[in-house]
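File shown: coords-v1.cif. Contents: mmCIF, C-alpha atoms.
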```cif
data_target
#
loop_
_atom_site.label_atom_id
_atom_site.label_comp_id
_atom_site.auth_asym_id
_atom_site.auth_seq_id
_atom_site.Cartn_x
_atom_site.Cartn_y
_atom_site.Cartn_z
CA MET A 1 118.02 111.85 112.80
CA PRO A 2 121.43 112.74 114.36
CA SER A 3 123.48 110.54 111.99
CA ALA A 4 121.90 112.23 108.95
CA GLN A 5 122.70 115.63 110.46
CA ALA A 6 126.28 114.59 111.09
CA ALA A 7 126.57 113.30 107.52
CA LEU A 8 125.28 116.62 106.23
CA GLN A 9 127.80 118.53 108.34
CA ARG A 10 130.62 116.37 106.95
CA ALA A 11 129.32 116.96 103.43
CA ARG A 12 129.31 120.73 104.04
CA ARG A 13 132.94 120.65 105.12
CA LEU A 14 133.89 118.56 102.11
CA ALA A 15 132.06 120.95 99.76
CA ARG A 16 133.86 124.00 101.15
CA GLN A 17 137.23 122.28 100.89
CA ARG A 18 136.65 121.21 97.30
CA PHE A 19 135.39 124.54 95.98
CA THR A 20 137.87 126.77 97.81
CA ASP A 21 141.00 124.69 97.23
CA PRO A 22 143.57 127.08 95.69
CA GLU A 23 145.48 124.14 94.17
CA ARG A 24 142.61 123.05 91.97
CA ARG A 25 140.70 124.72 89.11
CA ARG A 26 137.24 124.89 90.59
CA GLY A 27 134.04 124.24 88.68
CA LEU A 28 132.32 127.30 87.28
CA LEU A 29 128.64 127.74 86.52
CA VAL A 30 127.64 130.32 83.91
CA ALA A 31 123.96 130.90 83.16
CA PHE A 32 122.52 132.45 80.01
CA GLU A 33 119.12 134.00 80.62
CA GLY A 34 116.66 136.07 78.64
CA PRO A 35 113.40 135.92 76.73
CA ASP A 36 112.91 133.83 73.61
CA GLY A 37 114.41 135.53 70.58
CA SER A 38 117.11 137.29 72.57
CA GLY A 39 119.92 135.34 70.86
CA LYS A 40 121.06 133.45 73.96
CA THR A 41 121.58 130.17 72.16
CA THR A 42 123.73 131.71 69.44
CA GLN A 43 125.87 133.39 72.08
CA ARG A 44 126.04 130.23 74.17
CA LYS A 45 127.41 128.26 71.21
CA LEU A 46 130.01 130.93 70.36
CA PHE A 47 131.03 131.14 74.01
CA LYS A 48 131.40 127.37 74.30
CA THR A 49 133.59 127.19 71.20
CA TRP A 50 135.82 129.94 72.58
CA LEU A 51 136.04 128.32 76.05
CA LYS A 52 137.08 125.01 74.50
CA SER A 53 139.79 126.77 72.52
CA GLU A 54 141.00 128.22 75.84
CA GLY A 55 141.29 124.72 77.32
CA TYR A 56 138.15 124.58 79.45
CA ASP A 57 136.28 121.32 79.90
CA VAL A 58 132.74 122.50 79.10
CA VAL A 59 129.37 120.90 79.81
CA THR A 60 126.12 122.40 78.52
CA THR A 61 122.70 121.94 80.07
CA LYS A 62 119.47 123.27 78.61
CA TRP A 63 116.15 124.14 80.21
CA ASN A 64 113.63 121.30 80.34
CA SER A 65 116.04 118.70 79.03
CA SER A 66 116.37 115.93 81.62
CA ASP A 67 115.88 112.46 80.17
CA LEU A 68 113.66 111.57 83.11
CA ILE A 69 111.22 114.49 83.35
CA LYS A 70 111.23 116.05 79.88
CA PRO A 71 109.03 113.30 78.35
CA ILE A 72 106.51 113.77 81.18
CA ILE A 73 106.30 117.51 80.50
CA LYS A 74 106.25 117.12 76.73
CA SER A 75 103.29 114.76 76.67
CA ARG A 76 101.27 117.02 78.97
CA LYS A 77 102.12 120.15 77.01
CA ALA A 78 100.98 118.41 73.84
CA VAL A 79 97.47 117.99 75.23
CA ARG A 80 97.53 121.42 76.92
CA ALA A 81 96.84 119.77 80.26
CA LEU A 82 98.98 121.86 82.63
CA SER A 83 97.78 124.44 85.14
CA PRO A 84 100.32 127.12 86.18
CA GLU A 85 101.11 125.18 89.39
CA GLU A 86 101.63 121.88 87.53
CA PHE A 87 103.74 123.66 84.90
CA SER A 88 105.88 125.20 87.63
CA LEU A 89 106.28 122.01 89.71
CA LEU A 90 107.21 119.83 86.73
CA HIS A 91 109.81 122.31 85.49
CA GLY A 92 111.13 122.52 89.06
CA ALA A 93 111.46 118.71 89.08
CA ASP A 94 113.28 118.74 85.74
CA PHE A 95 115.66 121.41 87.04
CA ARG A 96 116.36 119.54 90.30
CA HIS A 97 117.09 116.32 88.44
CA ARG A 98 119.57 118.09 86.13
CA VAL A 99 121.22 119.83 89.09
CA GLU A 100 121.82 116.43 90.71
CA GLN A 101 122.64 114.41 87.61
CA VAL A 102 124.48 116.88 85.37
CA ILE A 103 125.39 120.21 86.95
CA LEU A 104 126.80 119.27 90.37
CA PRO A 105 128.76 116.22 89.17
CA ALA A 106 130.40 118.40 86.48
CA LEU A 107 131.18 121.24 88.91
CA TRP A 108 132.61 118.74 91.38
CA GLU A 109 135.01 117.56 88.67
CA GLY A 110 136.16 121.14 88.04
CA LYS A 111 134.31 121.54 84.73
CA LEU A 112 132.69 124.66 83.40
CA VAL A 113 128.92 124.34 83.11
CA ILE A 114 126.99 126.58 80.75
CA ALA A 115 123.28 126.61 81.55
CA ASP A 116 121.14 127.70 78.63
CA ARG A 117 118.44 129.06 80.95
CA PHE A 118 118.57 128.50 84.69
CA LEU A 119 116.08 128.69 87.55
CA PHE A 120 115.42 132.36 86.73
CA THR A 121 113.55 131.18 83.64
CA GLY A 122 111.18 129.28 85.92
CA LEU A 123 110.78 132.30 88.18
CA ALA A 124 110.12 134.77 85.34
CA ARG A 125 107.65 132.53 83.50
CA ASP A 126 105.82 131.27 86.58
CA VAL A 127 105.43 134.72 88.09
CA ALA A 128 104.27 136.00 84.68
CA ARG A 129 101.65 133.22 84.90
CA GLY A 130 100.43 134.77 88.14
CA LEU A 131 102.21 132.57 90.68
CA ASP A 132 103.66 133.94 93.89
CA LEU A 133 107.42 134.60 93.63
CA ASP A 134 108.08 133.43 97.19
CA TRP A 135 106.37 130.07 96.60
CA VAL A 136 108.18 129.47 93.31
CA LEU A 137 111.61 130.52 94.60
CA LYS A 138 111.36 128.12 97.54
CA LEU A 139 110.56 125.21 95.20
CA TYR A 140 114.12 125.60 93.89
CA GLN A 141 115.76 125.29 97.32
CA PRO A 142 118.47 124.50 98.20
CA LEU A 143 119.50 127.24 95.82
CA LEU A 144 122.50 126.90 93.56
CA TRP A 145 123.79 130.29 92.47
CA PRO A 146 125.72 130.58 89.20
CA ASP A 147 129.10 132.30 89.25
CA LEU A 148 127.87 134.51 86.43
CA VAL A 149 124.43 135.20 84.97
CA PHE A 150 124.34 136.85 81.55
CA TYR A 151 120.95 138.39 80.91
CA PHE A 152 120.21 139.05 77.24
CA SER A 153 117.98 142.06 77.22
CA VAL A 154 115.59 142.74 74.35
CA SER A 155 112.32 144.59 74.07
CA PRO A 156 109.04 142.65 73.81
CA VAL A 157 108.71 143.93 70.23
CA THR A 158 112.14 142.57 69.19
CA SER A 159 111.48 139.25 70.92
CA GLY A 160 108.11 138.98 69.17
CA LYS A 161 109.56 139.87 65.75
CA ARG A 162 112.41 137.36 66.04
CA VAL A 163 110.27 134.50 67.35
CA THR A 164 107.41 134.93 64.88
CA ALA A 165 109.63 135.60 61.84
CA THR A 166 109.78 131.93 60.88
CA ARG A 167 107.17 130.13 62.97
CA LEU A 168 104.16 130.45 65.26
CA PRO A 169 104.89 130.29 68.99
CA SER A 170 103.58 127.17 70.71
CA TYR A 171 100.62 127.26 73.12
CA TYR A 172 102.62 127.55 76.36
CA GLU A 173 105.41 129.62 74.79
CA ALA A 174 102.73 132.13 73.82
CA GLY A 175 101.20 131.95 77.31
CA GLN A 176 97.82 131.07 75.82
CA ASP A 177 97.05 129.04 78.94
CA ILE A 178 96.68 132.30 80.85
CA THR A 179 96.00 135.07 78.33
CA ASP A 180 92.80 133.57 76.88
CA VAL A 181 93.87 135.00 73.51
CA ASP A 182 93.26 132.71 70.52
CA ASP A 183 95.89 134.25 68.26
CA PRO A 184 99.30 132.86 69.32
CA VAL A 185 101.20 135.90 68.02
CA GLU A 186 99.04 138.38 69.90
CA SER A 187 99.12 136.18 73.00
CA TYR A 188 102.92 135.92 72.76
CA GLN A 189 103.26 139.72 72.67
CA ARG A 190 101.20 140.09 75.83
CA PHE A 191 102.86 137.22 77.65
CA ILE A 192 106.46 138.06 76.76
CA ALA A 193 105.94 141.64 77.98
CA ARG A 194 105.06 140.18 81.40
CA VAL A 195 108.00 137.74 81.31
CA ILE A 196 110.44 140.56 80.44
CA ARG A 197 109.05 142.70 83.26
CA GLU A 198 109.73 139.84 85.70
CA TYR A 199 113.21 139.24 84.23
CA GLU A 200 114.09 142.89 84.71
CA SER A 201 113.07 142.74 88.37
CA LEU A 202 115.13 139.56 88.82
CA ALA A 203 118.12 141.17 87.07
CA LEU A 204 118.14 143.87 89.75
CA ILE A 205 117.51 141.54 92.70
CA PHE A 206 120.07 138.92 91.69
CA ASN A 207 122.65 141.17 90.11
CA PHE A 208 122.66 139.75 86.58
CA ILE A 209 125.16 141.01 84.00
CA THR A 210 122.96 142.61 81.39
CA VAL A 211 123.97 142.24 77.74
CA ASP A 212 122.24 144.48 75.24
CA ALA A 213 120.95 141.81 72.88
CA GLU A 214 119.96 144.39 70.26
CA GLN A 215 123.71 144.80 69.45
CA SER A 216 125.48 142.79 66.73
CA ILE A 217 126.35 139.15 67.43
CA ALA A 218 130.09 139.90 67.32
CA GLU A 219 129.81 142.79 69.74
CA GLN A 220 127.83 140.72 72.23
CA HIS A 221 130.33 137.86 72.00
CA ARG A 222 133.28 140.18 72.65
CA GLN A 223 131.48 141.68 75.64
CA ILE A 224 130.71 138.23 77.09
CA ARG A 225 134.35 137.13 76.78
CA ASP A 226 135.56 140.26 78.59
CA LEU A 227 132.97 139.96 81.31
CA PHE A 228 133.77 136.29 81.80
CA ILE A 229 137.50 136.95 82.14
CA ASP A 230 136.79 139.45 84.93
CA GLY A 231 133.97 137.47 86.54
CA GLN A 232 135.63 134.06 86.76
CA GLN A 233 137.95 135.40 89.46
CA ARG A 234 135.03 135.79 91.86
CA PRO A 235 135.24 133.62 94.98
CA TRP A 236 132.97 130.59 95.32
CA SER A 237 129.59 131.55 96.75
CA ALA A 238 129.20 130.07 100.23
CA TRP A 239 125.43 130.19 99.61
CA ASN A 240 125.91 127.06 97.49
CA VAL A 241 127.12 124.91 100.36
CA ASP A 242 123.68 123.44 101.18
CA ALA A 243 122.97 122.44 97.58
CA VAL A 244 126.33 120.71 97.22
CA ALA A 245 126.14 119.04 100.66
CA GLU A 246 122.67 117.62 100.02
CA TRP A 247 123.83 116.17 96.71
CA LEU A 248 126.95 114.67 98.31
CA ALA A 249 124.94 113.11 101.14
CA LEU A 250 122.44 111.68 98.66
CA ASP A 251 125.12 110.33 96.40
CA LYS A 252 126.81 108.60 99.33
CA ARG A 253 123.50 107.07 100.46
CA ARG A 254 122.96 105.71 96.95
CA ARG A 255 126.36 104.08 96.88
CA MET B 1 67.02 119.13 96.44
CA SER B 2 70.22 118.00 94.79
CA ALA B 3 73.59 117.82 96.53
CA ALA B 4 74.78 120.57 94.21
CA ALA B 5 72.36 122.93 95.89
CA ARG B 6 73.75 122.13 99.34
CA PRO B 7 77.40 123.19 99.28
CA GLY B 8 77.52 123.04 103.10
CA ARG B 9 77.76 119.24 102.86
CA ALA B 10 81.01 119.36 100.92
CA LYS B 11 83.83 117.73 102.85
CA LEU B 12 87.49 117.03 102.13
CA ILE B 13 88.72 114.01 104.08
CA ALA B 14 92.42 113.15 104.10
CA VAL B 15 93.52 109.54 104.61
CA ASP B 16 97.28 109.04 104.87
CA GLY B 17 99.57 106.06 105.39
CA VAL B 18 102.33 104.02 103.80
CA ASP B 19 100.28 100.84 103.24
CA ALA B 20 98.43 101.43 99.96
CA GLN B 21 95.82 98.71 100.43
CA ALA B 22 95.02 99.72 104.00
CA VAL B 23 94.81 103.39 102.99
CA PHE B 24 92.37 102.65 100.17
CA ALA B 25 90.21 100.43 102.41
CA ALA B 26 90.13 103.17 105.05
CA ALA B 27 89.27 105.75 102.38
CA ARG B 28 86.26 103.74 101.23
CA ALA B 29 85.14 103.28 104.83
CA ALA B 30 85.52 107.02 105.53
CA LEU B 31 83.50 107.86 102.43
CA ALA B 32 80.75 105.42 103.38
CA ALA B 33 80.58 106.75 106.93
CA SER B 34 80.54 110.35 105.82
CA THR B 35 77.89 109.95 103.15
CA ALA B 36 75.58 107.45 104.87
CA GLY B 37 72.00 108.35 104.10
CA THR B 38 72.75 110.57 101.13
CA PRO B 39 71.27 109.57 97.78
CA ALA B 40 73.39 107.41 95.50
CA GLY B 41 75.14 109.48 92.84
CA THR B 42 75.65 112.47 95.12
CA ARG B 43 78.15 110.92 97.52
CA GLY B 44 81.43 111.95 95.95
CA GLY B 45 84.37 109.61 95.77
CA VAL B 46 87.97 108.76 96.51
CA SER B 47 90.88 110.58 94.86
CA ARG B 48 93.86 108.24 94.59
CA TRP B 49 97.45 109.22 93.92
CA ASP B 50 98.88 109.31 90.40
CA ALA B 51 95.59 110.22 88.77
CA SER B 52 97.72 112.29 86.39
CA GLY B 53 99.83 109.27 85.39
CA ILE B 54 103.12 111.04 86.21
CA PHE B 55 104.48 108.14 88.25
CA GLN B 56 103.31 105.62 85.68
CA ASP B 57 105.40 107.53 83.13
CA LEU B 58 108.31 107.58 85.56
CA GLU B 59 108.19 103.81 85.86
CA VAL B 60 108.80 103.32 82.16
CA ALA B 61 111.73 105.75 81.98
CA GLU B 62 115.07 104.40 80.80
CA GLU B 63 117.53 103.49 83.53
CA GLU B 64 120.12 105.85 82.02
CA ALA B 65 117.82 108.77 82.87
CA GLY B 66 118.98 108.42 86.49
CA SER B 67 117.08 107.91 89.74
CA PRO B 68 115.16 110.89 91.09
CA SER B 69 116.05 112.25 94.52
CA PRO B 70 113.47 112.63 97.31
CA ARG B 71 113.09 116.31 96.37
CA THR B 72 112.43 115.50 92.73
CA ILE B 73 109.93 112.80 93.68
CA LEU B 74 108.09 115.19 95.99
CA LEU B 75 107.94 117.88 93.30
CA LEU B 76 106.33 115.25 91.05
CA TYR B 77 103.93 114.19 93.82
CA ALA B 78 102.95 117.84 94.30
CA ALA B 79 102.33 118.19 90.54
CA ASP B 80 100.12 115.10 90.66
CA LEU B 81 98.28 116.47 93.70
CA ALA B 82 97.70 119.80 91.91
CA PHE B 83 96.18 117.78 89.05
CA ARG B 84 93.93 115.81 91.44
CA LEU B 85 92.80 118.98 93.18
CA ARG B 86 91.97 120.60 89.85
CA TRP B 87 90.10 117.73 88.20
CA GLN B 88 88.79 115.58 91.05
CA VAL B 89 88.68 117.38 94.37
CA ARG B 90 87.63 120.97 93.73
CA PRO B 91 84.86 120.14 91.22
CA ALA B 92 83.37 117.59 93.63
CA LEU B 93 83.54 120.01 96.57
CA ALA B 94 81.92 122.71 94.43
CA GLU B 95 79.01 120.33 93.86
CA GLY B 96 78.66 119.78 97.57
CA ARG B 97 80.07 116.24 97.53
CA THR B 98 82.50 114.54 99.89
CA VAL B 99 85.96 113.72 98.56
CA VAL B 100 88.36 111.40 100.33
CA VAL B 101 91.92 112.13 99.24
CA ALA B 102 94.07 109.06 99.80
CA PRO B 103 96.90 109.70 100.27
CA TYR B 104 96.98 113.46 100.77
CA VAL B 105 99.71 115.78 102.05
CA GLN B 106 100.80 114.12 105.31
CA THR B 107 102.13 110.98 103.62
CA ALA B 108 104.35 113.04 101.34
CA ILE B 109 105.54 115.27 104.19
CA ALA B 110 106.38 112.22 106.33
CA PHE B 111 108.31 110.69 103.43
CA GLY B 112 110.22 113.95 102.96
CA ARG B 113 111.01 114.18 106.68
CA ALA B 114 112.18 110.56 106.69
CA ALA B 115 114.46 111.39 103.76
CA GLY B 116 115.94 114.29 105.75
CA LEU B 117 114.30 117.21 103.94
CA PRO B 118 113.55 120.42 105.87
CA ALA B 119 110.00 120.83 107.22
CA THR B 120 109.86 124.42 105.96
CA TRP B 121 110.51 123.33 102.36
CA LEU B 122 107.85 120.63 102.59
CA GLU B 123 105.28 123.01 104.05
CA ASN B 124 105.90 125.54 101.29
CA LEU B 125 105.69 122.87 98.60
CA PHE B 126 102.16 121.87 99.60
CA ARG B 127 100.98 125.37 100.37
CA PHE B 128 98.45 125.20 97.55
CA ALA B 129 96.61 122.23 99.08
CA PRO B 130 93.47 123.13 101.05
CA ARG B 131 93.12 121.99 104.66
CA ALA B 132 91.20 118.78 105.11
CA SER B 133 88.19 118.96 107.40
CA GLU B 134 88.89 115.44 108.64
CA ARG B 135 92.24 113.62 108.84
CA HIS B 136 92.97 109.92 109.28
CA VAL B 137 96.31 108.20 109.49
CA VAL B 138 96.25 104.46 108.79
CA ALA B 139 98.89 102.34 110.49
CA ALA B 140 100.76 99.88 108.27
CA ARG B 141 100.17 96.21 109.04
CA ASP B 142 103.75 95.47 108.07
CA PRO B 143 105.91 98.25 106.62
CA ASN B 144 107.96 95.66 104.72
CA ALA B 145 105.03 93.83 103.17
CA ALA B 146 104.58 93.48 99.44
CA ALA B 147 101.54 95.79 99.60
CA MET B 148 103.89 98.74 100.08
CA LYS B 149 104.98 98.49 96.47
CA GLU B 150 101.60 99.70 95.26
CA GLY B 151 101.63 102.92 97.24
CA PHE B 152 103.42 106.23 96.87
CA VAL B 153 105.91 105.56 99.67
CA GLY B 154 106.74 102.11 98.36
CA LEU B 155 107.39 103.35 94.85
CA ALA B 156 109.21 106.49 95.96
CA SER B 157 111.48 104.63 98.35
CA ALA B 158 112.33 102.06 95.69
CA HIS B 159 113.51 104.88 93.42
CA VAL B 160 115.43 106.78 96.07
CA ALA B 161 117.10 103.86 97.75
CA GLY B 162 117.97 102.27 94.41
CA ILE B 163 118.86 98.60 94.75
CA ASN B 164 119.79 98.90 98.41
CA ALA B 165 116.98 96.95 100.14
CA PRO B 166 117.95 97.75 103.76
CA ALA B 167 118.00 101.49 102.98
CA ARG B 168 114.55 101.21 101.42
CA LYS B 169 113.17 99.43 104.47
CA ARG B 170 114.64 102.07 106.75
CA LEU B 171 113.03 104.84 104.70
CA ILE B 172 109.58 103.19 104.78
CA THR B 173 109.82 102.56 108.52
CA ALA B 174 110.96 106.13 109.17
CA THR B 175 108.05 107.46 107.08
CA GLU B 176 105.63 105.36 109.13
CA THR B 177 107.22 106.71 112.34
CA HIS B 178 106.83 110.33 111.17
CA LEU B 179 103.22 109.71 110.22
CA ARG B 180 102.39 108.19 113.62
CA ARG B 181 104.25 110.92 115.48
CA ASP B 182 102.46 113.69 113.61
CA ARG B 183 99.00 112.10 113.44
CA HIS B 184 97.54 114.31 116.19
CA ARG B 185 99.51 117.39 115.29
CA ARG B 186 97.46 120.09 113.59
CA PRO B 187 99.04 121.19 110.33
CA ARG B 188 100.77 124.56 110.67
CA GLY B 189 98.66 127.41 109.38
CA ARG B 190 99.89 127.47 105.78
CA GLY B 191 97.64 124.98 104.01
CA GLY B 192 95.45 126.50 101.37
CA ARG B 193 97.44 129.73 101.25
CA PRO B 194 97.12 130.98 97.67
CA THR B 195 100.03 130.40 95.35
CA ARG B 196 98.62 132.90 92.87
CA ARG B 197 98.73 136.66 92.94
CA ALA B 198 95.95 138.93 91.80
CA PRO B 199 95.98 139.12 87.97
CA PRO B 200 98.31 141.84 86.69
#
```
Just dump the structure as structure tokens.
Amino acid sequence: MPSAQAALQRARRLARQRFTDPERRRGLLVAFEGPDGSGKTTQRKLFKTWLKSEGYDVVTTKWNSSDLIKPIIKSRKAVRALSPEEFSLLHGADFRHRVEQVILPALWEGKLVIADRFLFTGLARDVARGLDLDWVLKLYQPLLWPDLVFYFSVSPVTSGKRVTATRLPSYYEAGQDITDVDDPVESYQRFIARVIREYESLALIFNFITVDAEQSIAEQHRQIRDLFIDGQQRPWSAWNVDAVAEWLALDKRRR
Amino acid sequence: MSAAARPGRAKLIAVDGVDAQAVFAAARAALAASTAGTPAGTRGGVSRWDASGIFQDLEVAEEEAGSPSPRTILLLYAADLAFRLRWQVRPALAEGRTVVVAPYVQTAIAFGRAAGLPATWLENLFRFAPRASERHVVAARDPNAAAMKEGFVGLASAHVAGINAPARKRLITATETHLRRDRHRRPRGRGGRPTRRAPP
């Protein structure tokens, strides 16, 4: 369809102009990643408060939180009805919907988006469930790369201790759909070890900034601030042009 | 001898098209033709879309939740297809029965192509779906007829095109064109490629 191709080309040009305009504060995307119990959410909240005090317009988006898809996932998790493929595809759909409805519109307006978990969560969990990395990664295309990814690194033992200190992990959180272990705590320990192994591979491949999440909360927060101040100067990643252009073309078609 | 003891008779038949009523009628006809002469109760059946109820749930979502894009819709279709394969198709095939899957992968791929999505992404998305041993594409009697609303393409295009009726019609017509164009084309060799690794 030549007109669709031409529209996409125009959208690409527009995306480059918008995100590389030196006269405008461009949108920034910062992702917080790590296993459950790594303290990401605490750090995300502290970081957001600090950013606001610095004058940033901040938007937060959490994993599995779209108004459209989350209820679909929730009801199926409740009856333990998801295979690894269905789990992966539904979380991919939730992510895509948030990218189009929340993340890209905010970045376009020059806001700072903090993602409490990003697509790397899907990759780590799905691959830990035995799915092929190549298949899962392509589900998330066109890829949108964050400007910064903070990876909160903890051992499986620390993650297990923190998560099980006050509650039992849920069926899918504990990976009981694939471990065949009846005890959720034991299943969690086995599953989270696999998830962390995948995260550590991803951290190397995608150049995450690793934060030692066994440090004190204050130390981690200071480190994140410093790393952000350095990292925000990075140029816009041209890899993101396809994701932005597709969203622009779609948005125009809708109007 | 029961059908379960004759796994060689198992057959996956794909029936694709944008016209939901015509697709279902063709699916029943394909099942009847394929299982003629086999004892009742061992013939298999038809797997229809949204057996998982995902799209039914989508229909009742609040308007403020936003309209899904073609990619999001296809991810949901793939999740529904994974459900159908797990609960309807594979068990029936394992018992040596015939299953007609209506619609299957081609309808979704044609919809994605009509919406401008890359063929490589679409092929990867449905990599988990096994190759059909027989494929049928059913032409729509009228791509703009009311019957379209009942099918996947009708519902999906209504979501994507929002309230813009001409855009919706164009999308349905383009899907039909892609389906017709590709009806004799053999699927590229990726169907049924495992999406799972060996257990760690």
Residue IDs satisfying the PyMOL selection byres ((chain A and resi 88-102) around 7), as a PDB file with C-alpha atoms, in the coordinates of the input:
```pdb
ATOM      1  CA  ASN A  64     113.630 121.300  80.340  1.00  0.00           C
ATOM      2  CA  SER A  66     116.370 115.930  81.620  1.00  0.00           C
ATOM      3  CA  ILE A  69     111.220 114.490  83.350  1.00  0.00           C
ATOM      4  CA  LYS A  70     111.230 116.050  79.880  1.00  0.00           C
ATOM      5  CA  ILE A  73     106.300 117.510  80.500  1.00  0.00           C
ATOM      6  CA  PRO A  84     100.320 127.120  86.180  1.00  0.00           C
ATOM      7  CA  GLU A  85     101.110 125.180  89.390  1.00  0.00           C
ATOM      8  CA  GLU A  86     101.630 121.880  87.530  1.00  0.00           C
ATOM      9  CA  PHE A  87     103.740 123.660  84.900  1.00  0.00           C
ATOM     10  CA  ILE A 103     125.390 120.210  86.950  1.00  0.00           C
ATOM     11  CA  LEU A 104     126.800 119.270  90.370  1.00  0.00           C
ATOM     12  CA  PRO A 105     128.760 116.220  89.170  1.00  0.00           C
ATOM     13  CA  ALA A 106     130.400 118.400  86.480  1.00  0.00           C
ATOM     14  CA  GLY A 122     111.180 129.280  85.920  1.00  0.00           C
ATOM     15  CA  ASP A 126     105.820 131.270  86.580  1.00  0.00           C
ATOM     16  CA  LEU A 139     110.560 125.210  95.200  1.00  0.00           C
ATOM     17  CA  TYR A 140     114.120 125.600  93.890  1.00  0.00           C
ATOM     18  CA  TRP A 247     123.830 116.170  96.710  1.00  0.00           C
TER      19      TRP A 247
ATOM     20  CA  PRO B  68     115.160 110.890  91.090  1.00  0.00           C
ATOM     21  CA  THR B  72     112.430 115.500  92.730  1.00  0.00           C
ATOM     22  CA  LEU B  75     107.940 117.880  93.300  1.00  0.00           C
ATOM     23  CA  LEU B  76     106.330 115.250  91.050  1.00  0.00           C
ATOM     24  CA  ALA B  79     102.330 118.190  90.540  1.00  0.00           C
TER      25      ALA B  79
END
```
Q: Find the spatial neighbours of region 167-181 of chain B, counting only C-alpha atoms, within a cut-off of 7 Å - ignore same-chain residues fewer than 2 positions away - and output them as a list in words.
A: Val18, Thr107, Ala110, Phe111, Ala114, Ala115, Pro143, Asn144, Val153, Ser157, Ala158, Ala161, Asn164, Ala165 and Arg183 of chain B
Q: Write down, as a ChimeraX atom specification, each residue of chain B that has any atom within 8 Å of an atom of chain A, counting all atoms listed in the file.
A: /B:54,57-58,61-62,65-66,68-69,71-73,75-76,78-80,82-83,116,121,124-125,160-162,164,195-200
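Straight-line separation from CA of Ala78 (chain A) to CA of Lys62 (chain A): 19.7 Å.
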Q: For CA of Phe55 (chain B) and CA of Arg28 (chain B), quote the distance in Å rounded to one decimal.
A: 22.8 Å
Q) How would you write, as a count of residues only, the residues chosen by the PyMOL selection byres ((chain B and resi 129) around 12) on this structure? A) 36
**Q.** Pick from B:Gly112, B:Pro103, B:Pro166, B:Gly44, whichever lies nearest to Ala25 (chain B) using only C-alpha atoms
**A.** B:Pro103
**Q.** Pick from A:Pro235, A:Pro169, A:Pro35, A:Gly55 nearest to Ala193 (chain A), counting all atoms listed in the file
**A.** A:Pro35
**Q.** Resolved residues for the PyMOL selection byres ((chain A and resi 121) around 9) as a ChimeraX atom specification
**A.** /A:33-35,63,117-120,122-126,195,199
Reconstructed N, CA and C atoms for region 7-18 of chain B, given as a compact mmCIF listing (two decimals), keeping the file's coordinate frame:
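Below is the file that was written, rebuild-v4.txt:
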```txt
# COMPACT_ATOMS: atom_id res chain seq x y z
N PRO B 7 75.94 123.20 99.21
CA PRO B 7 77.40 123.19 99.28
C PRO B 7 77.92 122.99 100.69
N GLY B 8 77.09 123.21 101.71
CA GLY B 8 77.52 123.04 103.10
C GLY B 8 77.91 121.60 103.40
N ARG B 9 77.46 120.65 102.61
CA ARG B 9 77.76 119.24 102.86
C ARG B 9 79.12 118.83 102.31
N ALA B 10 79.72 119.70 101.53
CA ALA B 10 81.01 119.36 100.92
C ALA B 10 82.05 119.11 102.01
N LYS B 11 82.83 118.06 101.83
CA LYS B 11 83.83 117.73 102.85
C LYS B 11 85.06 117.13 102.19
N LEU B 12 86.23 117.61 102.61
CA LEU B 12 87.49 117.03 102.13
C LEU B 12 88.06 116.20 103.28
N ILE B 13 88.18 114.90 103.05
CA ILE B 13 88.72 114.01 104.08
C ILE B 13 90.08 113.49 103.61
N ALA B 14 91.08 113.64 104.46
CA ALA B 14 92.42 113.15 104.10
C ALA B 14 92.67 111.81 104.79
N VAL B 15 93.12 110.82 104.03
CA VAL B 15 93.52 109.54 104.61
C VAL B 15 94.97 109.29 104.19
N ASP B 16 95.85 109.20 105.17
CA ASP B 16 97.28 109.04 104.87
C ASP B 16 97.83 107.76 105.48
N GLY B 17 98.92 107.27 104.89
CA GLY B 17 99.57 106.06 105.39
C GLY B 17 100.51 105.50 104.35
N VAL B 18 101.37 104.58 104.75
CA VAL B 18 102.33 104.02 103.80
C VAL B 18 101.81 102.74 103.13
```
